[in-house]
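Source file: entry-v4.cif; contents: mmCIF, C-alpha atoms.
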```cif
data_data
loop_
_atom_site.label_atom_id
_atom_site.label_comp_id
_atom_site.auth_asym_id
_atom_site.auth_seq_id
_atom_site.Cartn_x
_atom_site.Cartn_y
_atom_site.Cartn_z
CA MET N 228 131.24 -15.66 49.37
CA TRP N 229 131.63 -19.25 50.59
CA ALA N 230 134.00 -20.02 47.72
CA CYS N 231 136.25 -17.09 48.66
CA VAL N 232 136.28 -17.97 52.37
CA ARG N 233 136.99 -21.63 51.62
CA LEU N 234 139.81 -20.89 49.18
CA ARG N 235 141.60 -18.47 51.51
CA ALA N 236 141.20 -20.76 54.52
CA ASP N 237 142.39 -23.79 52.53
CA LEU N 238 145.54 -22.04 51.36
CA VAL N 239 146.49 -20.25 54.58
CA SER N 240 145.86 -23.26 56.83
CA THR N 241 148.02 -25.62 54.75
CA LEU N 242 151.04 -23.33 54.45
CA PRO N 243 153.90 -24.70 56.59
CA ILE N 244 154.61 -22.54 59.65
CA ASP N 245 158.25 -22.10 60.69
CA THR N 246 159.69 -20.33 63.71
CA PHE N 247 162.97 -18.43 63.71
CA ARG N 248 165.19 -16.57 66.11
CA LYS N 249 166.95 -13.37 65.13
CA VAL N 250 170.75 -13.48 65.29
CA PRO N 251 173.32 -10.80 64.32
CA TRP N 252 173.87 -12.30 60.86
CA GLY N 253 170.24 -13.08 60.07
CA GLN N 254 167.89 -15.74 61.36
CA VAL N 255 168.09 -19.36 62.47
CA GLU N 256 165.23 -21.84 62.60
CA VAL N 257 164.16 -23.03 66.06
CA PRO N 258 161.74 -25.76 67.21
CA LYS N 259 158.07 -24.82 67.20
CA PRO N 260 156.33 -24.49 70.58
CA PRO N 261 153.26 -26.66 71.34
CA VAL N 262 150.89 -23.79 70.58
CA LEU N 263 152.03 -23.92 66.93
CA VAL N 264 151.81 -27.72 66.72
CA GLU N 265 148.62 -28.62 68.61
CA PRO N 266 147.14 -25.28 69.68
CA GLY N 267 143.83 -26.85 70.65
CA GLY N 268 145.31 -29.88 72.39
CA SER N 269 145.69 -33.36 70.97
CA GLN N 270 142.29 -33.13 69.25
CA VAL N 271 143.00 -29.93 67.28
CA ASP N 272 146.24 -29.62 65.32
CA ILE N 273 147.63 -26.48 63.76
CA VAL N 274 146.07 -27.06 60.30
CA GLU N 275 142.54 -27.38 61.69
CA TRP N 276 143.12 -24.47 64.08
CA MET N 277 144.39 -22.23 61.28
CA TYR N 278 141.47 -23.17 59.03
CA SER N 279 138.94 -22.28 61.72
CA THR N 280 140.58 -18.99 62.61
CA GLN N 281 141.03 -17.91 59.00
CA SER N 282 137.37 -18.73 58.28
CA ASP N 283 136.32 -16.62 61.26
CA LEU N 284 138.52 -13.72 60.18
CA ASP N 285 137.08 -13.68 56.67
CA SER N 286 133.50 -14.31 57.79
CA LEU N 287 133.36 -12.05 60.86
CA GLY N 288 136.58 -10.07 60.95
CA ASN N 289 137.52 -11.53 64.35
CA THR N 290 138.53 -14.82 65.90
CA VAL N 291 138.51 -15.40 69.65
CA GLY N 292 140.01 -18.14 71.79
CA LEU N 293 140.33 -18.84 75.49
CA ILE N 294 143.91 -19.34 76.71
CA THR N 295 143.66 -22.44 78.91
CA GLU N 296 147.37 -23.22 79.35
CA LYS N 297 150.53 -21.10 79.54
CA ASP N 298 154.22 -22.02 79.42
CA GLY N 299 156.99 -21.11 81.84
CA VAL N 300 157.42 -17.58 80.45
CA GLY N 301 153.72 -16.79 80.46
CA LYS N 302 153.12 -17.34 76.75
CA PRO N 303 150.03 -19.28 75.58
CA ARG N 304 150.54 -23.01 75.34
CA ARG N 305 146.97 -23.90 74.42
CA ILE N 306 144.19 -21.75 72.93
CA ASP N 307 140.69 -23.22 72.75
CA LEU N 308 138.72 -21.44 70.04
CA VAL N 309 135.32 -20.06 70.99
CA ALA N 310 132.27 -20.48 68.74
CA ARG N 311 130.99 -17.26 67.26
CA GLU N 312 127.70 -17.46 69.14
CA ASP N 313 129.42 -17.93 72.52
CA TYR N 314 131.29 -14.65 72.84
CA ARG N 315 130.74 -10.93 72.62
CA ILE N 316 133.02 -7.93 72.85
CA THR N 317 131.93 -4.65 74.41
CA SER N 318 133.61 -1.27 74.33
CA VAL N 319 132.76 1.45 76.83
CA ARG N 320 134.75 4.64 76.33
CA GLY N 321 137.62 2.69 74.84
CA ALA N 322 137.75 0.01 77.56
CA VAL N 323 137.41 -3.45 76.00
CA GLU N 324 135.61 -6.27 77.78
CA TYR N 325 135.37 -9.90 76.69
CA TRP N 326 132.38 -12.09 77.57
CA ILE N 327 132.62 -15.81 76.85
CA GLN N 328 129.56 -17.98 77.44
CA GLY N 329 128.07 -15.21 79.57
CA LYS N 330 131.14 -14.85 81.81
CA LYS N 331 133.47 -11.86 81.78
CA ARG N 332 137.09 -12.84 81.10
CA ASP N 333 140.36 -11.01 81.70
CA SER N 334 141.93 -9.81 78.50
CA GLU N 335 145.15 -11.65 79.47
CA ASP N 336 143.24 -14.94 79.16
CA VAL N 337 141.71 -14.18 75.76
CA TRP N 338 143.26 -14.60 72.32
CA HIS N 339 141.72 -12.03 69.97
CA GLU N 340 142.92 -11.73 66.40
CA ARG N 341 141.30 -9.29 63.98
CA GLN N 342 141.57 -7.92 60.48
CA PHE N 343 140.32 -4.89 58.53
CA THR N 344 140.32 -2.52 61.48
CA SER N 345 139.20 1.10 61.48
CA SER N 346 139.97 4.02 63.75
CA GLY N 347 137.64 4.12 66.72
CA MET N 348 136.80 0.40 66.62
CA VAL N 349 138.41 -2.27 68.79
CA VAL N 350 137.14 -5.14 66.66
CA GLY N 351 137.93 -6.05 63.10
CA MET N 352 135.59 -6.35 60.16
CA SER N 353 134.98 -8.97 57.54
CA PRO N 354 135.66 -7.97 53.92
CA VAL N 355 131.91 -7.49 53.43
CA ALA N 356 131.58 -5.28 56.52
CA TYR N 357 134.60 -3.26 55.42
CA ALA N 358 133.02 -2.79 52.01
CA ALA N 359 129.79 -1.65 53.66
CA LEU N 360 131.65 0.90 55.77
CA SER N 361 133.37 2.27 52.66
CA LEU N 362 130.42 2.20 50.26
CA GLN N 363 127.73 3.49 52.61
CA GLN N 364 129.93 6.39 53.79
CA TYR N 365 129.11 6.42 57.47
CA GLU N 366 130.22 9.57 59.27
CA SER N 367 132.12 7.62 61.93
CA ALA N 368 133.19 4.12 62.82
CA GLN N 369 131.10 4.32 66.00
CA GLU N 370 127.95 5.04 64.01
CA PHE N 371 128.68 2.12 61.72
CA ALA N 372 129.37 -0.18 64.69
CA ALA N 373 126.08 0.75 66.33
CA ALA N 374 124.20 -0.17 63.15
CA TRP N 375 126.19 -3.16 61.92
CA PHE N 376 127.33 -4.96 65.07
CA GLY N 377 124.47 -3.88 67.31
CA GLY N 378 121.61 -5.40 65.40
CA GLY N 379 122.24 -6.23 61.78
CA LEU N 380 121.30 -2.73 60.61
CA VAL N 381 117.98 -3.11 62.44
CA PRO N 382 117.45 -2.01 66.08
CA THR N 383 117.56 -4.84 68.59
CA ALA N 384 114.86 -5.34 71.19
CA HIS N 385 117.21 -4.76 74.10
CA LEU N 386 117.94 -1.09 74.83
CA LYS N 387 120.67 -0.49 77.38
CA TYR N 388 122.60 2.55 78.59
CA GLY N 389 125.83 1.38 80.17
CA GLU N 390 127.16 4.47 81.95
CA ALA N 391 124.60 5.37 84.61
CA LYS N 392 120.97 5.15 85.68
CA VAL N 393 118.60 6.86 83.28
CA PRO N 394 116.28 9.47 84.88
CA PRO N 395 112.54 8.95 84.16
CA ALA N 396 112.30 12.07 81.95
CA GLU N 397 115.25 11.05 79.82
CA SER N 398 113.97 7.49 79.72
CA GLU N 399 110.76 8.60 78.03
CA ALA N 400 112.68 10.64 75.46
CA ILE N 401 115.00 7.73 74.65
CA LYS N 402 112.05 5.39 74.43
CA ALA N 403 110.31 7.70 71.95
CA ARG N 404 113.42 7.88 69.76
CA PHE N 405 113.76 4.13 69.90
CA MET N 406 110.15 3.54 68.83
CA VAL N 407 110.50 5.92 65.89
CA ALA N 408 113.61 4.05 64.75
CA ILE N 409 111.78 0.74 64.87
CA GLU N 410 108.78 2.07 62.93
CA ASN N 411 110.98 3.47 60.16
CA GLY N 412 113.31 0.47 60.09
CA GLU N 413 116.31 2.71 60.69
CA PRO N 414 119.35 2.03 62.88
CA PHE N 415 119.10 3.39 66.41
CA VAL N 416 122.32 5.29 67.20
CA THR N 417 123.33 5.87 70.81
CA GLY N 418 126.68 7.11 72.06
CA LYS N 419 130.16 5.75 71.55
CA ASP N 420 129.46 2.63 73.57
CA TRP N 421 128.72 -0.39 71.43
CA GLU N 422 128.66 -4.14 71.55
CA TYR N 423 130.05 -6.60 69.02
CA LYS N 424 127.79 -9.61 68.41
CA PRO N 425 129.13 -12.05 65.81
CA ILE N 426 125.70 -13.49 65.02
CA ASP N 427 124.23 -10.06 64.32
CA ALA N 428 127.26 -9.14 62.22
CA ALA N 429 126.88 -12.28 60.10
CA ALA N 430 123.19 -11.53 59.53
CA ALA N 431 124.01 -7.94 58.64
CA GLN N 432 126.45 -8.84 55.90
CA ALA N 433 124.02 -11.37 54.40
CA THR N 434 121.37 -8.65 54.29
CA PHE N 435 123.83 -6.18 52.81
CA ILE N 436 124.84 -8.52 49.98
CA GLU N 437 121.23 -9.35 49.16
CA THR N 438 120.15 -5.70 49.23
CA MET N 439 123.02 -4.46 47.06
CA ARG N 440 122.66 -7.41 44.63
CA PHE N 441 126.40 -7.87 44.18
CA THR N 442 127.68 -10.25 41.53
CA ASP N 443 130.08 -13.08 42.29
CA ILE N 444 132.93 -11.06 40.73
CA GLU N 445 132.20 -8.08 43.01
CA ILE N 446 132.08 -10.27 46.11
CA GLY N 447 135.37 -11.87 45.06
CA ARG N 448 136.86 -8.38 44.82
CA PHE N 449 135.87 -7.71 48.44
CA PHE N 450 137.80 -10.80 49.53
CA GLY N 451 140.77 -10.18 47.26
CA VAL N 452 140.11 -13.37 45.28
CA PRO N 453 140.09 -13.04 41.47
CA GLY N 454 137.07 -14.62 39.84
CA ASP N 455 139.03 -17.15 37.78
CA LEU N 456 140.34 -18.72 41.01
CA PHE N 457 136.88 -19.74 42.23
CA ASP N 458 135.43 -20.65 38.83
CA ALA N 459 133.48 -17.47 38.25
CA ALA N 460 132.95 -16.56 34.61
CA VAL N 461 135.51 -13.87 33.76
CA GLU N 462 135.23 -12.41 30.28
CA GLY N 463 138.49 -12.30 28.36
CA SER N 464 140.39 -14.40 30.91
CA SER N 465 142.64 -17.20 29.70
CA ILE N 466 144.78 -19.06 32.25
CA THR N 467 146.90 -21.85 30.79
CA TYR N 468 149.29 -24.37 32.30
CA ALA N 469 152.15 -22.35 30.83
CA ASN N 470 151.48 -19.38 33.10
CA ILE N 471 149.79 -21.02 36.11
CA THR N 472 152.89 -20.58 38.30
CA GLN N 473 153.01 -16.88 37.51
CA ARG N 474 149.28 -16.67 38.20
CA ASN N 475 149.77 -18.19 41.65
CA LEU N 476 152.65 -15.81 42.31
CA GLN N 477 150.49 -12.83 41.37
CA PHE N 478 147.72 -14.04 43.68
CA LEU N 479 150.22 -14.51 46.51
CA VAL N 480 151.79 -11.07 46.15
CA HIS N 481 148.75 -8.94 45.40
CA ASN N 482 145.96 -10.75 47.21
CA LEU N 483 146.98 -13.26 49.86
CA GLY N 484 150.31 -11.73 50.89
CA PRO N 485 148.94 -8.98 53.19
CA ALA N 486 146.69 -11.46 55.03
CA ILE N 487 149.66 -13.79 55.55
CA THR N 488 151.79 -10.94 56.90
CA ARG N 489 149.09 -9.94 59.40
CA ARG N 490 148.80 -13.51 60.62
CA GLU N 491 152.57 -13.88 60.91
CA ARG N 492 152.72 -10.82 63.15
CA ALA N 493 149.78 -11.99 65.26
CA LEU N 494 151.19 -15.49 65.77
CA SER N 495 154.64 -14.09 66.52
CA LYS N 496 153.15 -12.64 69.71
CA LEU N 497 152.82 -16.22 70.96
CA LEU N 498 156.62 -16.54 71.04
CA PRO N 499 159.17 -14.92 73.34
CA GLN N 500 161.30 -12.25 71.69
CA PRO N 501 163.34 -12.26 69.51
CA ARG N 502 161.60 -15.30 68.01
CA PHE N 503 159.06 -14.88 65.25
CA VAL N 504 156.79 -16.82 62.88
CA LYS N 505 157.08 -17.12 59.11
CA PHE N 506 154.74 -18.89 56.71
CA ASN N 507 156.48 -20.89 54.01
CA SER N 508 154.60 -19.39 51.09
CA ASP N 509 156.74 -21.33 48.60
CA ALA N 510 154.30 -24.20 49.16
CA LEU N 511 151.72 -22.17 47.22
CA LEU N 512 154.07 -21.92 44.26
CA ARG N 513 154.49 -25.62 43.59
CA MET N 514 155.95 -26.00 40.10
CA ASP N 515 155.91 -28.76 37.52
CA PRO N 516 158.81 -31.29 37.70
CA GLU N 517 160.64 -29.79 34.71
CA THR N 518 160.64 -26.29 36.21
CA VAL N 519 161.71 -27.58 39.63
CA SER N 520 164.60 -29.54 38.09
CA THR N 521 165.76 -26.54 36.09
CA MET N 522 165.58 -24.20 39.07
CA LEU N 523 167.41 -26.51 41.48
CA GLY N 524 170.02 -27.41 38.88
CA GLN N 525 170.78 -23.73 38.29
CA GLN N 526 171.01 -23.05 42.02
CA VAL N 527 173.55 -25.87 42.41
CA LYS N 528 175.59 -24.51 39.48
CA ASP N 529 175.51 -21.01 40.97
CA ARG N 530 176.62 -22.44 44.35
CA LEU N 531 173.47 -21.12 46.03
CA VAL N 532 172.64 -24.57 47.44
CA ALA N 533 174.61 -27.76 47.86
CA PRO N 534 173.58 -30.90 45.94
CA SER N 535 172.52 -32.50 49.23
CA GLU N 536 170.20 -29.55 49.96
CA ALA N 537 168.65 -29.79 46.50
CA ARG N 538 168.08 -33.53 46.97
CA GLU N 539 166.46 -32.90 50.33
CA LEU N 540 163.95 -30.57 48.68
CA LEU N 541 163.09 -33.46 46.36
CA ASN N 542 162.66 -35.83 49.32
CA ARG N 543 165.79 -37.76 48.38
CA ALA N 544 168.53 -38.97 50.70
CA PRO N 545 172.14 -37.69 50.35
CA TYR N 546 174.39 -39.41 47.82
CA THR N 547 175.77 -42.77 48.90
CA PRO N 548 179.46 -43.65 48.30
CA GLU N 549 178.34 -46.07 45.57
CA GLN N 550 176.45 -43.30 43.78
CA ILE N 551 179.46 -40.98 43.96
CA ASP N 552 181.69 -43.71 42.49
CA GLU N 553 179.19 -44.20 39.69
CA PHE N 554 179.25 -40.47 38.91
CA LYS N 555 183.05 -40.57 38.79
CA THR N 556 182.89 -43.38 36.26
CA LEU N 557 180.28 -41.70 34.06
CA PHE N 558 181.68 -38.15 34.30
CA PRO N 559 185.44 -38.52 34.90
CA THR N 560 186.29 -34.98 33.75
CA GLU N 561 184.15 -33.50 36.53
CA PHE N 562 185.89 -35.52 39.25
CA LYS N 563 189.57 -34.75 38.74
CA GLU N 564 191.86 -35.73 41.56
CA ILE N 565 193.49 -32.83 43.41
CA PRO N 566 197.32 -33.22 43.24
CA ALA N 567 199.08 -33.71 46.54
CA GLY N 568 200.20 -30.41 48.05
CA ALA N 569 197.95 -28.35 45.79
CA GLN N 570 195.31 -25.98 47.15
CA ARG N 571 191.68 -26.99 46.66
CA GLY N 572 191.05 -23.85 44.66
CA ASP N 573 193.80 -24.88 42.17
CA ALA N 574 191.86 -27.88 40.88
CA ARG N 575 190.15 -27.40 37.55
#
```
Would you put the structure from the file into structure tokens?
Amino acid sequence: MWACVRLRADLVSTLPIDTFRKVPWGQVEVPKPPVLVEPGGSQVDIVEWMYSTQSDLDSLGNTVGLITEKDGVGKPRRIDLVAREDYRITSVRGAVEYWIQGKKRDSEDVWHERQFTSSGMVVGMSPVAYAALSLQQYESAQEFAAAWFGGGLVPTAHLKYGEAKVPPAESEAIKARFMVAIENGEPFVTGKDWEYKPIDAAAAQATFIETMRFTDIEIGRFFGVPGDLFDAAVEGSSITYANITQRNLQFLVHNLGPAITRRERALSKLLPQPRFVKFNSDALLRMDPETVSTMLGQQVKDRLVAPSEARELLNRAPYTPEQIDEFKTLFPTEFKEIPAGAQRGDAR
């Protein structure tokens, strides 16, 4: 499980993030706002921030931050991430409340990103929790939430009814039900009101994995990470340097692509419309020098990129006049002079 979380967080956090603005003919790149450069202030840059949030998403299904600064149009300028043990999320009849370090916060001041959602739940789930919901066939998301998020599939010691005062007669009945649940080690299910506790959720998924005795390959399948990518023994698998680029492309399209798309959409909410965020996933498909040279050379021949653009991708400066003169000397047939009065398209 750690290997899968680490691999996904490593890759997602190191992908370059670009911002664009929609225009009638397509899109144009625009400068990134501070929240996508140093989202946690000068001490936390975007790579560290993305690693932490991706780890939380894959470990807990949610990541929460406190918006401490906003720009002139009311968009977040700084988001300080909150440790998993310092926040909780409650839902009472569909109304969501955020509590950070014991203090209730307005939803406008909270950054909440989630993944693997289900109807009836306002929080996301980790891949393990999502697997548990699917494999254990709970009748409803609320029932699952009461068991999983409320106390790690074991009733907690604190019993609370959040809608009204409980009459003495009903209190005794609820108490009796609660005691029976504890004795039998079963989850205690109340109504549709539930509370999300990250610590309990983390303990629940550890218990679930241990109880079900999943193999490393099965856990990797939950996270969408093929076993050969985190050094698990995969029978009949043979990945060579000849097909490693295609292997990375397959992983990007089939496994990591949906997570990247979700994060792009979430981060785009930090920008004023019609601006949006795109991850440069080409960084994951780094090729060997021979393949890069062949690809760029073909793109120049097909007039898809200019030679200066291809050189920039190789971290080389544009041609100098001396270099151009040298090319003219070495390859005179490719640098024919255009006759005076002739159109540029007439030169051969």
TODO: Any chance you could resolve the PyMOL selection byres ((chain N and resi 287) around 8) against this file and give the residues as an MDAnalysis selection string?
DONE: chainID N and resid 283:286 288:290 351:353 425 428:429
TODO: Give as a list of chain:residue names the residues that the PyMOL selection byres ((chain N and resi 250-257) around 10) matches when applied to the coordinates above.
DONE: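 Output of the PyMOL selection byres ((chain N and resi 250-257) around 10): N:Asp245, N:Thr246, N:Phe247, N:Arg248, N:Lys249, N:Pro258, N:Lys259, N:Pro260, N:Pro501, N:Arg502, N:Phe503, N:Val504.
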TODO: Check the smallest atom-to-atom distance from each of N:Ile306, N:Ile446, N:Val300, N:Ala374 to Gln500 (chain N) using only C-alpha atoms, then report the winner.
DONE: N:Val300
- [ ] Could you list the residues chosen by the PyMOL selection byres ((chain N and resi 261) around 10) in this structure as a PyMOL selection string?
- [x] chain N and resi 258-260+262-268+272-273+298+303-305
Task: Straight-line distance linking CA of Val291 (chain N) with CA of Val309 (chain N), stated in Å to one decimal - done: 5.8 Å
Open item on the list: For a test of reading the model, state the distance in Å between CA of Gln328 (chain N) and CA of Phe376 (chain N), rounded to one decimal.
Closed with: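 Between CA of Gln328 (chain N) and CA of Phe376 (chain N) the gap works out to 18.1 Å.
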Kindly provide, as a compact mmCIF listing (two decimals) with C-alpha atoms, keeping the file's coordinate frame, the polymer residues lying within 9 Å of (147.0, -23.8, 61.1), counting all atoms listed in the file and using the coordinates exactly as they appear in the file.
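The file below, point.txt, is the result:
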```
# COMPACT_ATOMS: atom_id res chain seq x y z
CA VAL N 239 146.49 -20.25 54.58
CA SER N 240 145.86 -23.26 56.83
CA THR N 241 148.02 -25.62 54.75
CA LEU N 242 151.04 -23.33 54.45
CA PRO N 243 153.90 -24.70 56.59
CA ILE N 244 154.61 -22.54 59.65
CA LEU N 263 152.03 -23.92 66.93
CA VAL N 264 151.81 -27.72 66.72
CA PRO N 266 147.14 -25.28 69.68
CA ASP N 272 146.24 -29.62 65.32
CA ILE N 273 147.63 -26.48 63.76
CA VAL N 274 146.07 -27.06 60.30
CA GLU N 275 142.54 -27.38 61.69
CA TRP N 276 143.12 -24.47 64.08
CA MET N 277 144.39 -22.23 61.28
CA TYR N 278 141.47 -23.17 59.03
CA SER N 279 138.94 -22.28 61.72
CA THR N 280 140.58 -18.99 62.61
CA GLN N 281 141.03 -17.91 59.00
```
Task: One-decimal distance in Å that lies between CA of Thr518 (chain N) and CA of Ile471 (chain N) - done: 12.1 Å
- [ ] Have a look at N:Ala430, N:Ser345, N:Val350, N:Met439 and name the one nearest to Leu362 (chain N); count all atoms listed in the file.
- [x]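 With all atoms listed in the file as the atom set, the closest residue is N:Met439.
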Open item on the list: Taking 2 positions as the minimum chain separation for residues in the same chain, which residues sit within 10 Å of Glu312 (chain N) when counting all atoms listed in the file? Answer as a list of chain:residue names.
Closed with: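 After dropping sequence-adjacent residues, the list is N:Val309, N:Ala310, N:Tyr314, N:Arg315, N:Ile327, N:Gln328, N:Lys424, N:Pro425, N:Ile426, N:Asp427.
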Taking the structure I provided as the source, export region 546-561 of chain N with N, CA and C atoms, as a CSV table (one decimal), in the first residue's frame.
```csv
chain,number,residue,atom,x,y,z
N,546,TYR,N,19.6,29.2,-32.9
N,546,TYR,CA,20.8,29.3,-33.7
N,546,TYR,C,21.4,30.7,-33.7
N,547,THR,N,22.8,30.7,-33.7
N,547,THR,CA,23.5,32.0,-33.8
N,547,THR,C,23.7,32.3,-35.3
N,548,PRO,N,24.0,33.5,-35.7
N,548,PRO,CA,24.4,33.7,-37.1
N,548,PRO,C,25.6,32.9,-37.6
N,549,GLU,N,26.5,32.7,-36.7
N,549,GLU,CA,27.7,31.9,-37.1
N,549,GLU,C,27.3,30.4,-37.3
N,550,GLN,N,26.4,29.9,-36.6
N,550,GLN,CA,25.9,28.5,-36.8
N,550,GLN,C,25.1,28.4,-38.1
N,551,ILE,N,24.3,29.4,-38.4
N,551,ILE,CA,23.6,29.4,-39.7
N,551,ILE,C,24.6,29.5,-40.9
N,552,ASP,N,25.6,30.3,-40.8
N,552,ASP,CA,26.6,30.4,-41.8
N,552,ASP,C,27.3,29.0,-42.0
N,553,GLU,N,27.6,28.4,-40.9
N,553,GLU,CA,28.2,27.1,-41.0
N,553,GLU,C,27.3,26.0,-41.7
N,554,PHE,N,26.0,26.1,-41.4
N,554,PHE,CA,25.1,25.2,-42.0
N,554,PHE,C,25.0,25.4,-43.5
N,555,LYS,N,25.1,26.7,-43.9
N,555,LYS,CA,25.1,27.1,-45.3
N,555,LYS,C,26.3,26.5,-46.1
N,556,THR,N,27.4,26.5,-45.4
N,556,THR,CA,28.7,26.0,-46.0
N,556,THR,C,28.6,24.5,-46.1
N,557,LEU,N,28.1,23.8,-45.1
N,557,LEU,CA,28.1,22.3,-45.1
N,557,LEU,C,26.9,21.8,-45.9
N,558,PHE,N,25.8,22.5,-46.0
N,558,PHE,CA,24.6,22.0,-46.8
N,558,PHE,C,24.1,23.1,-47.7
N,559,PRO,N,24.9,23.4,-48.7
N,559,PRO,CA,24.6,24.5,-49.6
N,559,PRO,C,23.3,24.3,-50.4
N,560,THR,N,23.0,23.1,-50.7
N,560,THR,CA,21.7,22.8,-51.5
N,560,THR,C,20.5,23.1,-50.7
N,561,GLU,N,20.6,23.1,-49.4
N,561,GLU,CA,19.4,23.4,-48.6
N,561,GLU,C,19.2,24.9,-48.2
```
